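S.K.: One file is attached below, input-v7.cif, containing mmCIF, C-alpha atoms.
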data_start
#
loop_
_atom_site.label_atom_id
_atom_site.label_comp_id
_atom_site.auth_asym_id
_atom_site.auth_seq_id
_atom_site.Cartn_x
_atom_site.Cartn_y
_atom_site.Cartn_z
CA MET V 10 15.14 34.02 52.13
CA LEU V 11 16.43 35.51 48.89
CA ALA V 12 19.26 33.00 48.39
CA ASP V 13 16.79 30.10 48.57
CA PHE V 14 14.36 31.89 46.27
CA GLN V 15 17.09 32.35 43.67
CA GLN V 16 18.26 28.76 44.06
CA ALA V 17 14.70 27.43 43.74
CA LEU V 18 14.22 29.43 40.55
CA ALA V 19 17.50 28.10 39.16
CA ASP V 20 16.60 24.53 40.11
CA MET V 21 13.18 24.75 38.49
CA THR V 22 14.68 26.22 35.32
CA ALA V 23 17.10 23.31 35.19
CA SER V 24 14.48 20.68 35.88
CA PRO V 25 11.16 20.37 34.02
CA ARG V 26 10.45 17.48 36.42
CA LEU V 27 10.72 19.76 39.47
CA CYS V 28 8.42 22.24 37.70
CA THR V 29 5.81 19.55 37.17
CA GLU V 30 6.10 18.39 40.78
CA ALA V 31 5.83 21.97 42.07
CA ARG V 32 2.74 22.61 39.94
CA PHE V 33 0.97 19.60 41.45
CA ASP V 34 2.33 20.11 44.95
CA PRO V 35 3.28 23.77 45.55
CA ASP V 36 4.10 23.03 49.21
CA LEU V 37 7.04 21.00 47.94
CA LEU V 38 8.85 24.31 47.46
CA LYS V 39 8.31 25.18 51.13
CA ARG V 40 9.69 21.83 52.20
CA LYS V 41 12.71 22.03 49.91
CA TYR V 42 13.66 25.69 50.41
CA GLU V 43 13.58 28.30 53.17
CA LEU V 44 11.10 30.81 51.77
CA THR V 45 9.00 33.66 53.06
CA GLU V 46 5.30 33.44 52.22
CA ARG V 47 5.76 36.15 49.59
CA GLU V 48 8.70 34.35 47.99
CA TRP V 49 6.76 31.10 47.93
CA LEU V 50 3.77 32.78 46.29
CA ARG V 51 6.08 34.33 43.69
CA LEU V 52 7.61 30.94 42.87
CA VAL V 53 4.20 29.29 42.64
CA ALA V 54 3.09 31.98 40.16
CA ILE V 55 6.33 31.67 38.17
CA VAL V 56 6.19 27.89 37.88
CA GLN V 57 2.61 28.11 36.64
CA HIS V 58 3.46 30.82 34.11
CA GLN V 59 3.58 29.61 30.49
CA GLY V 60 7.05 31.18 30.11
CA MET V 61 8.53 28.65 32.54
CA GLU V 62 8.48 26.01 29.84
CA CYS V 63 10.41 28.33 27.57
CA ALA V 64 12.96 29.11 30.30
CA CYS V 65 13.52 25.35 30.70
CA ILE V 66 14.00 24.99 26.92
CA VAL V 67 16.52 27.84 26.82
CA TYR V 68 18.39 26.38 29.79
CA ARG V 69 18.71 23.07 27.92
CA ALA V 70 19.71 24.80 24.67
CA ASN V 71 22.40 26.77 26.50
CA ARG V 72 23.72 23.64 28.16
CA LEU V 73 23.72 21.81 24.86
CA ALA V 74 25.74 24.59 23.17
CA PRO V 75 29.23 23.53 24.36
CA LEU V 76 28.53 19.93 23.38
CA ALA V 77 27.12 20.81 19.97
CA LEU V 78 30.09 23.10 19.31
CA ASN V 79 32.86 20.78 20.49
CA ILE V 80 31.59 17.24 19.86
CA PRO V 81 29.08 17.64 17.00
CA LYS V 82 29.74 14.22 15.45
CA THR V 83 29.17 12.45 18.78
CA CYS V 84 25.92 14.37 19.29
CA LYS V 85 24.80 13.46 15.77
CA ALA V 86 25.75 9.82 16.22
CA LEU V 87 23.77 9.64 19.47
CA GLY V 88 20.72 10.62 17.43
CA SER V 89 17.47 10.05 19.31
CA GLU V 90 19.44 8.85 22.37
CA LEU V 91 20.98 12.31 22.83
CA ARG V 92 17.98 13.68 24.72
CA ALA V 93 18.00 10.94 27.35
CA VAL V 94 21.79 10.97 27.74
CA VAL V 95 22.12 14.74 28.20
CA SER V 96 19.13 14.74 30.57
CA GLU V 97 20.88 12.19 32.75
CA PHE V 98 24.13 14.17 32.52
CA TRP V 99 22.40 17.39 33.55
CA ASP V 100 20.64 15.63 36.42
CA LYS V 101 24.03 14.48 37.65
CA PHE V 102 25.71 17.88 37.04
CA PRO V 103 22.95 20.48 37.50
CA GLU V 104 25.24 23.49 37.13
CA THR V 105 27.00 24.52 33.95
CA ASN V 106 30.74 24.87 34.07
CA VAL V 107 31.48 28.23 32.50
CA HIS V 108 34.59 26.77 30.81
CA PHE V 109 33.23 25.09 27.65
CA PHE V 110 36.09 22.60 27.34
CA VAL V 111 35.76 21.54 31.00
CA GLU V 112 32.02 21.11 30.48
CA THR V 113 32.49 19.07 27.29
CA ASP V 114 35.33 17.02 28.75
CA ARG V 115 33.07 16.22 31.70
CA PHE V 116 30.36 14.99 29.32
CA CYS V 117 32.87 12.88 27.34
CA ARG V 118 34.02 11.21 30.55
CA PHE V 119 30.40 10.64 31.58
CA LEU V 120 29.65 8.98 28.24
CA LYS V 121 32.79 6.83 28.39
CA ALA V 122 31.86 5.74 31.92
CA LYS V 123 28.43 4.66 30.69
CA MET V 124 30.04 2.63 27.91
CA ALA V 125 32.39 1.03 30.42
CA GLU V 126 29.34 0.08 32.50
CA GLY V 127 28.02 -1.81 29.49
CA TRP V 128 25.65 0.72 27.92
CA THR V 129 25.48 0.33 24.16
CA PHE V 130 24.89 3.21 21.80
CA ALA V 131 24.55 3.50 18.02
CA PRO V 132 27.64 2.17 16.19
CA GLY V 133 28.93 5.64 15.19
CA VAL V 134 29.10 6.93 18.77
CA GLU V 135 32.26 5.20 19.96
CA PRO V 136 34.57 6.26 17.06
CA ALA V 137 33.18 9.82 17.04
CA LEU V 138 33.61 10.10 20.80
CA ARG V 139 37.15 8.71 20.67
CA LEU V 140 38.17 11.29 18.06
CA GLU V 141 36.34 14.30 19.46
CA SER V 142 37.07 13.65 23.13
CA ALA V 143 40.79 13.58 22.29
CA ALA V 144 40.45 16.95 20.53
CA VAL V 145 38.54 18.37 23.51
CA ALA V 146 41.16 17.08 25.95
CA ALA V 147 43.88 18.72 23.83
CA ALA V 148 41.94 22.02 23.68
CA LEU V 149 41.40 21.87 27.43
CA GLN V 150 45.11 21.35 27.95
CA GLU V 151 45.86 24.26 25.62
CA SER V 152 43.50 26.50 27.58
CA TYR V 153 46.00 26.33 30.45
CA THR V 154 48.76 27.72 28.25
CA GLU V 155 47.18 31.09 27.32
CA GLN V 156 47.81 30.40 23.64
CA GLY V 157 44.29 29.25 22.75
CA ALA V 158 41.58 31.01 20.78
CA GLU V 159 38.78 33.12 22.28
CA ALA V 160 36.83 31.40 25.05
CA MET U 8 37.78 64.15 22.48
CA LYS U 9 34.43 65.76 23.20
CA GLN U 10 31.50 63.75 22.00
CA LYS U 11 28.43 65.45 20.57
CA HIS U 12 26.79 62.30 19.30
CA PRO U 13 26.87 58.77 20.69
CA ALA U 14 29.46 56.45 19.19
CA VAL U 15 28.27 53.64 16.95
CA GLY U 16 29.71 50.20 17.46
CA LEU U 17 29.56 46.50 18.07
CA LEU U 18 29.75 43.98 20.83
CA TYR U 19 33.09 42.39 19.99
CA ASN U 20 33.17 38.73 18.95
CA PRO U 21 35.52 36.61 16.81
CA ALA U 22 33.68 37.69 13.62
CA THR U 23 34.12 41.42 14.35
CA PRO U 24 37.60 41.80 12.78
CA ASP U 25 36.22 40.50 9.48
CA LEU U 26 33.24 42.86 9.58
CA ILE U 27 35.57 45.76 10.38
CA LYS U 28 37.63 44.88 7.30
CA HIS U 29 34.49 45.64 5.27
CA ALA U 30 33.14 48.57 7.27
CA GLY U 31 35.88 49.92 9.51
CA SER U 32 34.86 53.56 9.25
CA LEU U 33 31.35 52.76 10.47
CA VAL U 34 32.59 51.21 13.70
CA GLU U 35 33.67 53.85 16.24
CA TYR U 36 33.21 51.82 19.36
CA LEU U 37 33.71 48.27 20.63
CA ALA U 38 32.41 46.58 23.76
CA ALA U 39 34.64 43.68 24.79
CA MET U 40 33.59 40.85 27.07
CA PRO U 41 36.43 39.95 29.46
CA ASP U 42 34.60 36.66 30.14
CA ARG U 43 35.41 35.63 26.56
CA LEU U 44 39.06 36.60 26.76
CA TRP U 45 40.02 34.07 29.37
CA PHE U 46 39.25 30.58 30.58
CA ASP U 47 37.90 30.64 34.13
CA PHE U 48 38.78 27.47 36.04
CA GLY U 49 36.69 28.57 39.02
CA PRO U 50 37.41 29.90 42.52
CA LYS U 51 38.81 26.59 43.73
CA ALA U 52 41.11 26.04 40.76
CA GLU U 53 44.46 24.45 41.43
CA GLY U 54 47.02 27.07 40.53
CA ARG U 55 45.91 30.13 38.63
CA ARG U 56 42.18 30.61 38.13
CA PHE U 57 42.11 32.77 34.98
CA HIS U 58 44.06 31.74 31.90
CA ARG U 59 43.94 34.46 29.29
CA THR U 60 43.63 33.86 25.54
CA LEU U 61 46.57 35.98 24.48
CA GLY U 62 46.01 35.58 20.73
CA ALA U 63 42.45 36.85 21.01
CA ILE U 64 43.51 39.72 23.29
CA GLU U 65 46.17 40.87 20.81
CA GLU U 66 43.65 40.76 17.98
CA LEU U 67 41.19 42.82 20.04
CA LYS U 68 43.92 45.37 20.82
CA ARG U 69 44.68 45.70 17.12
CA VAL U 70 41.03 46.14 16.14
CA ALA U 71 40.24 48.47 19.07
CA HIS U 72 43.11 50.83 18.26
CA GLY U 73 41.68 54.31 17.64
CA ARG U 74 38.21 53.28 18.79
CA VAL U 75 36.29 53.81 22.03
CA LEU U 76 36.49 50.62 24.10
CA SER U 77 34.27 49.53 26.97
CA GLY U 78 33.94 46.29 28.92
CA HIS U 79 30.75 44.26 28.99
CA GLY U 80 30.42 41.28 31.31
CA ILE U 81 28.02 38.65 32.57
CA GLY U 82 30.16 36.98 35.20
CA MET U 83 29.59 39.17 38.27
CA SER U 84 25.92 38.26 38.67
CA LEU U 85 25.44 41.30 40.90
CA PRO U 86 21.85 40.53 42.03
CA SER U 87 22.80 37.05 43.31
CA ALA U 88 22.47 36.71 47.08
CA ILE U 89 26.14 35.77 47.41
CA PRO U 90 29.27 37.79 48.12
CA LEU U 91 30.91 39.58 45.21
CA ASP U 92 33.48 37.43 43.43
CA GLU U 93 36.50 39.60 44.24
CA GLU U 94 38.88 37.47 42.16
CA PHE U 95 36.67 37.97 39.15
CA VAL U 96 36.49 41.73 39.71
CA ALA U 97 40.29 41.88 40.03
CA ALA U 98 40.65 39.93 36.79
CA VAL U 99 38.35 42.39 35.00
CA ALA U 100 40.40 45.29 36.39
CA THR U 101 43.62 43.70 35.13
CA MET U 102 42.06 43.07 31.72
CA SER U 103 40.92 46.68 31.55
CA GLN U 104 44.45 47.91 32.30
CA ASP U 105 45.89 45.53 29.74
CA LEU U 106 43.53 46.89 27.07
CA GLY U 107 44.32 50.51 27.87
CA GLY U 108 41.40 51.13 30.24
CA PHE U 109 37.69 50.57 29.65
CA ARG U 110 35.88 53.87 29.14
CA TRP U 111 33.02 52.31 31.10
CA TYR U 112 32.00 48.83 32.22
CA SER U 113 28.58 47.23 31.95
CA GLU U 114 27.09 44.14 33.56
CA HIS U 115 23.73 42.42 33.34
CA LEU U 116 20.90 42.93 35.80
CA SER U 117 20.22 39.19 35.95
CA VAL U 118 20.98 36.28 38.25
CA PHE U 119 23.59 34.06 36.57
CA LEU U 120 25.24 32.54 39.64
CA THR U 121 23.17 30.40 41.96
CA PRO U 122 23.62 30.90 45.71
CA ARG U 123 23.47 27.26 46.77
CA GLY U 124 25.06 25.54 43.82
CA SER U 125 26.86 22.27 44.31
CA VAL U 126 29.99 23.58 42.60
CA PRO U 127 31.84 26.87 43.05
CA ASN U 128 30.88 29.49 40.49
CA ALA U 129 27.70 27.51 39.75
CA GLN U 130 25.97 28.83 36.64
CA ALA U 131 22.19 29.01 36.38
CA GLY U 132 22.39 28.26 32.64
CA LEU U 133 20.57 31.45 31.68
CA GLY U 134 19.93 34.87 33.18
CA LEU U 135 17.18 34.52 35.77
CA PRO U 136 14.78 37.35 36.66
CA VAL U 137 15.52 39.63 39.57
CA VAL U 138 13.23 40.47 42.50
CA TYR U 139 13.13 44.26 42.61
CA ASP U 140 12.90 45.06 46.30
CA GLU U 141 14.90 46.73 49.06
CA GLU U 142 16.95 43.63 49.79
CA THR U 143 18.10 43.21 46.19
CA PHE U 144 18.69 46.93 45.88
CA GLY U 145 21.02 46.81 48.87
CA ILE U 146 22.92 43.84 47.45
CA VAL U 147 23.36 45.37 44.00
CA ALA U 148 24.20 48.86 45.28
CA SER U 149 26.92 47.67 47.66
CA LYS U 150 28.51 45.48 44.99
CA LEU U 151 28.44 48.31 42.47
CA ARG U 152 30.30 50.55 44.93
CA ARG U 153 33.02 47.95 45.25
CA VAL U 154 33.23 47.26 41.48
CA ARG U 155 33.47 50.95 40.69
CA GLU U 156 36.26 51.34 43.22
CA ALA U 157 38.14 48.40 41.66
CA LEU U 158 37.65 49.36 38.01
CA GLY U 159 37.83 53.14 38.36
CA CYS U 160 35.36 53.81 35.57
CA PRO U 161 31.62 54.48 35.30
CA LEU U 162 29.31 51.46 35.48
CA LEU U 163 26.17 50.54 33.61
CA LEU U 164 23.63 47.79 34.26
CA GLU U 165 21.73 46.14 31.42
CA ASN U 166 18.05 45.22 31.62
CA GLY U 167 17.53 41.51 30.96
CA SER U 168 15.16 39.49 28.83
CA PHE U 169 12.94 37.12 30.75
CA PHE U 170 10.19 34.63 30.05
CA THR U 171 8.72 34.53 33.54
CA PRO U 172 7.82 37.81 35.23
CA VAL U 173 8.20 37.95 39.03
CA PRO U 174 4.85 38.99 40.53
CA ASP U 175 4.19 41.32 43.47
CA MET U 176 7.44 43.29 43.43
CA GLU U 177 8.16 46.46 45.41
CA MET U 178 9.59 48.25 42.38
CA SER U 179 9.39 47.91 38.61
CA GLU U 180 12.61 47.37 36.69
CA PRO U 181 12.71 50.99 35.42
CA GLU U 182 12.11 52.24 38.99
CA PHE U 183 14.96 50.06 40.22
CA LEU U 184 17.29 51.40 37.50
CA ASN U 185 16.18 55.00 38.09
CA ARG U 186 16.96 54.64 41.79
CA LEU U 187 20.40 53.11 41.16
CA HIS U 188 21.21 56.19 39.11
CA ALA U 189 19.62 58.66 41.52
CA GLU U 190 21.78 57.28 44.33
CA GLY U 191 24.90 57.50 42.19
CA HIS U 192 25.61 53.81 41.65
CA CYS U 193 25.37 53.37 37.90
CA ARG U 194 23.65 54.27 34.67
CA THR U 195 21.59 51.95 32.47
CA LEU U 196 22.56 50.02 29.40
CA LEU U 197 19.14 49.98 27.80
CA ASP U 198 18.90 46.87 25.67
CA LEU U 199 15.95 47.79 23.50
CA HIS U 200 15.81 44.32 22.04
CA ASN U 201 15.54 42.83 25.52
CA VAL U 202 12.57 45.10 26.25
CA TYR U 203 11.08 43.92 22.95
CA VAL U 204 11.68 40.26 23.94
CA CYS U 205 9.90 40.79 27.27
CA TRP U 206 7.01 42.52 25.49
CA ARG U 207 6.69 39.72 22.93
CA ASN U 208 6.56 37.27 25.82
CA GLY U 209 3.90 39.15 27.76
CA GLY U 210 5.76 42.03 29.44
CA PRO U 211 5.26 45.80 29.13
CA SER U 212 5.48 47.45 25.71
CA LEU U 213 8.62 49.28 24.61
CA SER U 214 7.00 52.68 25.08
CA GLU U 215 5.53 51.78 28.49
CA TYR U 216 8.92 50.57 29.70
CA ILE U 217 10.98 53.43 28.29
CA GLU U 218 8.52 56.11 29.43
CA ALA U 219 9.03 54.82 32.98
CA LEU U 220 12.79 55.22 32.69
CA ASN U 221 14.41 58.54 33.50
CA GLY U 222 16.07 59.60 30.21
CA ASP U 223 19.24 60.69 31.98
CA VAL U 224 19.98 57.18 33.24
CA VAL U 225 20.64 55.74 29.79
CA GLY U 226 24.34 55.61 28.94
CA GLU U 227 24.27 53.03 26.14
CA ILE U 228 21.72 51.34 23.91
CA HIS U 229 21.86 47.77 22.65
CA LEU U 230 20.20 46.76 19.40
CA GLY U 231 19.91 43.26 18.01
CA GLY U 232 17.52 40.64 16.76
CA GLY U 233 16.19 37.26 17.77
CA ASP U 234 13.82 34.61 16.54
CA ASP U 235 10.59 32.81 17.32
CA PHE U 236 10.64 29.45 19.02
CA ALA U 237 7.86 27.33 20.49
CA GLY U 238 5.48 30.27 20.69
CA PHE U 239 8.04 32.53 22.37
CA TYR U 240 10.47 35.11 21.08
CA MET U 241 14.14 34.60 21.93
CA ASP U 242 17.00 37.04 22.40
CA SER U 243 19.26 34.90 20.25
CA HIS U 244 21.26 37.70 18.56
CA SER U 245 20.64 35.86 15.34
CA SER U 246 19.14 38.54 13.10
CA LEU U 247 18.80 42.24 12.39
CA THR U 248 17.00 44.67 14.67
CA PRO U 249 13.18 44.31 14.34
CA PRO U 250 11.25 47.34 12.97
CA GLU U 251 9.47 47.96 16.30
CA VAL U 252 12.83 48.26 18.06
CA TRP U 253 14.13 50.69 15.46
CA GLN U 254 10.97 52.74 15.85
CA ALA U 255 11.46 52.92 19.62
CA ALA U 256 15.13 53.80 19.14
CA PHE U 257 14.33 56.75 16.89
CA ASP U 258 11.40 57.84 19.09
CA PHE U 259 13.25 57.76 22.39
CA ALA U 260 17.05 57.84 21.97
CA PRO U 261 17.19 61.59 21.20
CA ARG U 262 15.87 62.12 24.76
CA PHE U 263 18.85 60.30 26.29
CA LYS U 264 21.27 63.16 26.84
CA GLN U 265 23.93 60.99 28.47
CA LEU U 266 23.91 58.40 25.71
CA ARG U 267 27.49 57.48 24.86
CA ALA U 268 27.13 54.52 22.54
CA ILE U 269 24.71 52.66 20.29
CA THR U 270 25.77 49.04 20.01
CA PHE U 271 24.65 46.19 17.79
CA GLU U 272 24.93 42.65 19.13
CA PHE U 273 25.07 39.55 17.00
CA GLN U 274 26.23 36.04 17.76
CA GLU U 275 29.24 35.13 15.64
CA THR U 276 27.78 31.78 14.60
CA TYR U 277 25.09 33.77 12.73
CA TYR U 278 27.60 36.08 11.00
CA GLU U 279 27.46 34.35 7.64
CA ARG U 280 23.71 33.89 7.78
CA ILE U 281 23.06 37.58 8.54
CA GLY U 282 25.77 38.64 6.10
CA SER U 283 28.23 41.53 6.17
CA LYS U 284 26.16 43.54 3.68
CA ALA U 285 23.13 43.48 5.97
CA LEU U 286 25.30 44.31 8.98
CA ILE U 287 26.77 47.29 7.14
CA GLY U 288 23.21 48.46 6.46
CA GLU U 289 22.52 48.13 10.18
CA LEU U 290 25.59 50.20 11.07
CA GLU U 291 24.60 52.90 8.58
CA ARG U 292 21.17 53.13 10.16
CA MET U 293 22.77 53.31 13.60
CA HIS U 294 24.74 56.34 12.36
CA GLU U 295 21.47 57.96 11.29
CA LEU U 296 20.18 57.35 14.79
CA ALA U 297 23.38 58.72 16.36
CA ALA U 298 23.09 61.86 14.22
CA ALA U 299 19.60 62.40 15.67
CA CYS U 300 20.99 62.27 19.22
CA GLU U 301 22.65 65.39 20.59
CA VAL U 302 24.34 64.40 23.83
CA GLU U 303 25.81 66.30 26.75
CA VAL U 304 29.39 65.59 27.71
CA GLU U 305 29.97 64.28 31.19
CA ALA U 306 33.53 64.31 32.47
CA ALA U 307 33.44 60.72 33.67
CA TYR U 308 32.73 59.43 30.18
CA ALA U 309 34.68 61.91 28.05
CA ARG U 310 38.39 61.64 27.42
#
Could you rewrite the structure in this file as structure tokens?

M.R.:
Amino acid sequence: MLADFQQALADMTASPRLCTEARFDPDLLKRKYELTEREWLRLVAIVQHQGMECACIVYRANRLAPLALNIPKTCKALGSELRAVVSEFWDKFPETNVHFFVETDRFCRFLKAKMAEGWTFAPGVEPALRLESAAVAAALQESYTEQGAEA
Amino acid sequence: MKQKHPAVGLLYNPATPDLIKHAGSLVEYLAAMPDRLWFDFGPKAEGRRFHRTLGAIEELKRVAHGRVLSGHGIGMSLPSAIPLDEEFVAAVATMSQDLGGFRWYSEHLSVFLTPRGSVPNAQAGLGLPVVYDEETFGIVASKLRRVREALGCPLLLENGSFFTPVPDMEMSEPEFLNRLHAEGHCRTLLDLHNVYVCWRNGGPSLSEYIEALNGDVVGEIHLGGGDDFAGFYMDSHSSLTPPEVWQAAFDFAPRFKQLRAITFEFQETYYERIGSKALIGELERMHELAAACEVEVEAAYAR
């Protein structure tokens, strides 16, 4: 059915891992979603299309945008660890929150929770996160007041 | 005001007021995105869902004074196999009233909201391609009827830019758009750069695509530029309009007798990199294009 087709396409775009799995085992899509034969064949063709890789890259770039805009120093301090951390974050929260401050605040909390669990990051991460997460929390609070800048 | 030529303008963003300071007389028209003039806390928000950005709205009102204003959104995700977000539509209608009434309203012909997301208002992260068949046509057409009723102005749907074509469809995208118009649902916002993006990534050429479109469906044109990345071409709104897109614009736009606006899109984070001088050059060329387009006045668009 169309809703499952659309959801499968969204899930594959959000997950290069699902794309790889679906390429090796196309029947996985049938097991995971309620699809007509035609819809399944369309998805199999799409996941094998070279543009799928680009769609996955754009998805990740779009999801990175609120973080890069609102907590640039934290992202920079994470350095080579950024990729793994955001991947884990996006696995946990597969859908973007349209409100950039909510999305960034959610990531800040996620990162703080990891630190509380004992994860260690590069030395610059903690001070940058402390400073920028406070600014994000303030901006989020302001977004309730109708006095903030353009969304 | 009766319009003989399409208006020339910009998709409004926070850099637009500065550009207008330098080139105000070249900008006759603005398209404003309601989605960027509020914070949306989602359908299950505690308390009010939409919190407007009053400072930004006032600035837009000031800049839009004396100019044609339309609304341009991405939040309705009309092809999604989910019910229409009535709260969102009502918020757009209120925004339109607050801004003096959109002359028309355009949305994207892409799937942005996912039907089975784990959160309300779940975003796909980018515009996903649409299956052009009877089922999708029915979904889009019925939502357009409702949106038109709520907004009280003509509607346009914009062709998207995709990296992965959907195979084995019942209709092509131009056929789908032609039919929406033929059955009185909406006109087309023809984003020429999006057609170019699809072509660069393996889709039909600009001329193939536009030839398949009924000229009378086009109510607005989008111009803009992107960049190359990882062997693909992106619709990043980061540069000036490519020569091939200009060529198609001059070749085909004079055939669009219902064309009301020619709009340039750029992303504000690229404003300094593109530069106001280059953007003024772009606007001047858009006026040359507008001068080449003699349009017919239709009551629904004219005021």

S.K.: Which residues of chain V have any atom within 10 Å of an atom in chain U when counting all atoms listed in the file, and what is the closest pair of atoms for each, with the distance in Å to one decimal? Order the rows by chain and rising number and write it as a Markdown table.

M.R.:
| residue | atom | partner | partner_atom | distance |
| --- | --- | --- | --- | --- |
| V:Met10 | CA | U:Ala88 | CA | 9.3 |
| V:Leu11 | CA | U:Ala88 | CA | 6.4 |
| V:Ala12 | CA | U:Ala88 | CA | 5.1 |
| V:Asp13 | CA | U:Pro122 | CA | 7.4 |
| V:Phe14 | CA | U:Pro122 | CA | 9.3 |
| V:Gln15 | CA | U:Thr121 | CA | 6.6 |
| V:Gln16 | CA | U:Thr121 | CA | 5.6 |
| V:Ala17 | CA | U:Thr121 | CA | 9.2 |
| V:Leu18 | CA | U:Leu135 | CA | 7.6 |
| V:Ala19 | CA | U:Ala131 | CA | 5.5 |
| V:Asp20 | CA | U:Ala131 | CA | 8.1 |
| V:Thr22 | CA | U:Ala131 | CA | 8.1 |
| V:Ala23 | CA | U:Gly132 | CA | 7.7 |
| V:Arg47 | CA | U:Asp175 | CA | 8.2 |
| V:Glu48 | CA | U:Val138 | CA | 9.4 |
| V:Leu50 | CA | U:Pro174 | CA | 8.5 |
| V:Arg51 | CA | U:Pro174 | CA | 5.8 |
| V:Leu52 | CA | U:Val173 | CA | 8.0 |
| V:Val53 | CA | U:Pro174 | CA | 9.9 |
| V:Ala54 | CA | U:Pro174 | CA | 7.2 |
| V:Ile55 | CA | U:Thr171 | CA | 5.9 |
| V:Val56 | CA | U:Thr171 | CA | 8.3 |
| V:Gln57 | CA | U:Thr171 | CA | 9.4 |
| V:His58 | CA | U:Thr171 | CA | 6.5 |
| V:Gln59 | CA | U:Thr171 | CA | 7.7 |
| V:Gly60 | CA | U:Phe170 | CA | 4.7 |
| V:Met61 | CA | U:Thr171 | CA | 6.0 |
| V:Glu62 | CA | U:Phe170 | CA | 8.8 |
| V:Cys63 | CA | U:Phe170 | CA | 6.8 |
| V:Ala64 | CA | U:Phe170 | CA | 6.2 |
| V:Cys65 | CA | U:Leu133 | CA | 9.4 |
| V:Ile66 | CA | U:Ala237 | CA | 9.2 |
| V:Val67 | CA | U:Leu133 | CA | 7.3 |
| V:Tyr68 | CA | U:Gly132 | CA | 5.3 |
| V:Arg69 | CA | U:Gly132 | CA | 7.9 |
| V:Ala70 | CA | U:Gly132 | CA | 9.1 |
| V:Asn71 | CA | U:Gly132 | CA | 6.3 |
| V:Arg72 | CA | U:Gly132 | CA | 6.6 |
| V:Phe102 | CA | U:Ser125 | CA | 8.6 |
| V:Pro103 | CA | U:Ser125 | CA | 8.1 |
| V:Glu104 | CA | U:Ala129 | CA | 5.4 |
| V:Thr105 | CA | U:Gln130 | CA | 5.2 |
| V:Asn106 | CA | U:Gln130 | CA | 6.7 |
| V:Val107 | CA | U:Gln130 | CA | 6.9 |
| V:His108 | CA | U:Phe46 | CA | 6.0 |
| V:Phe109 | CA | U:Phe46 | CA | 8.7 |
| V:Phe110 | CA | U:Phe46 | CA | 9.2 |
| V:Val111 | CA | U:Phe48 | CA | 8.3 |
| V:Leu149 | CA | U:Phe46 | CA | 9.5 |
| V:Glu151 | CA | U:Thr60 | CA | 9.9 |
| V:Ser152 | CA | U:Phe46 | CA | 6.6 |
| V:Tyr153 | CA | U:His58 | CA | 5.9 |
| V:Thr154 | CA | U:His58 | CA | 7.2 |
| V:Glu155 | CA | U:Thr60 | CA | 4.8 |
| V:Gln156 | CA | U:Thr60 | CA | 5.7 |
| V:Gly157 | CA | U:Thr60 | CA | 5.4 |
| V:Ala158 | CA | U:Ala63 | CA | 5.9 |
| V:Glu159 | CA | U:Ala63 | CA | 5.4 |
| V:Ala160 | CA | U:Arg43 | CA | 4.7 |

S.K.: For the structure shown, which residues end up in the PyMOL selection byres ((chain U and resi 279-288) around 9)? Put them as a ChimeraX atom specification, please?

M.R.: /U:25-26,29-30,33,245-247,273,275-278,289-293

S.K.: Those residues you just picked out, can you put them in a file as a tab-separated table (two decimals), in the frame of the given file with C-alpha atoms?

M.R.:
chain	number	residue	atom	x	y	z
U	25	ASP	CA	36.22	40.50	9.48
U	26	LEU	CA	33.24	42.86	9.58
U	29	HIS	CA	34.49	45.64	5.27
U	30	ALA	CA	33.14	48.57	7.27
U	33	LEU	CA	31.35	52.76	10.47
U	245	SER	CA	20.64	35.86	15.34
U	246	SER	CA	19.14	38.54	13.10
U	247	LEU	CA	18.80	42.24	12.39
U	273	PHE	CA	25.07	39.55	17.00
U	275	GLU	CA	29.24	35.13	15.64
U	276	THR	CA	27.78	31.78	14.60
U	277	TYR	CA	25.09	33.77	12.73
U	278	TYR	CA	27.60	36.08	11.00
U	289	GLU	CA	22.52	48.13	10.18
U	290	LEU	CA	25.59	50.20	11.07
U	291	GLU	CA	24.60	52.90	8.58
U	292	ARG	CA	21.17	53.13	10.16
U	293	MET	CA	22.77	53.31	13.60

S.K.: Please enumerate the residues selected by the PyMOL selection byres ((chain U and resi 181-195) around 6) when evaluated against the supplied file, formatted as a PyMOL selection string.

M.R.: chain U and resi 162-165+178-180+196-197+219-220+224-226

S.K.: For those residues, write C-alpha atoms to a file as a JSON list (two decimals), in the coordinates of the input.

M.R.:
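Below is the file out-v4.json, written as the result:
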[["chain", "number", "residue", "atom", "x", "y", "z"],
["U", 162, "LEU", "CA", 29.31, 51.46, 35.48],
["U", 163, "LEU", "CA", 26.17, 50.54, 33.61],
["U", 164, "LEU", "CA", 23.63, 47.79, 34.26],
["U", 165, "GLU", "CA", 21.73, 46.14, 31.42],
["U", 178, "MET", "CA", 9.59, 48.25, 42.38],
["U", 179, "SER", "CA", 9.39, 47.91, 38.61],
["U", 180, "GLU", "CA", 12.61, 47.37, 36.69],
["U", 196, "LEU", "CA", 22.56, 50.02, 29.40],
["U", 197, "LEU", "CA", 19.14, 49.98, 27.80],
["U", 219, "ALA", "CA", 9.03, 54.82, 32.98],
["U", 220, "LEU", "CA", 12.79, 55.22, 32.69],
["U", 224, "VAL", "CA", 19.98, 57.18, 33.24],
["U", 225, "VAL", "CA", 20.64, 55.74, 29.79],
["U", 226, "GLY", "CA", 24.34, 55.61, 28.94]]

S.K.: Between atom CA of U:Leu116 and atom CA of U:Glu94, measure the distance and give it in Å to one decimal.

M.R.: 19.8 Å

S.K.: Could you spell out the hits of the PyMOL selection byres ((chain V and resi 130-140) around 10) on the shown file, as a count of residues only?

M.R.: 26
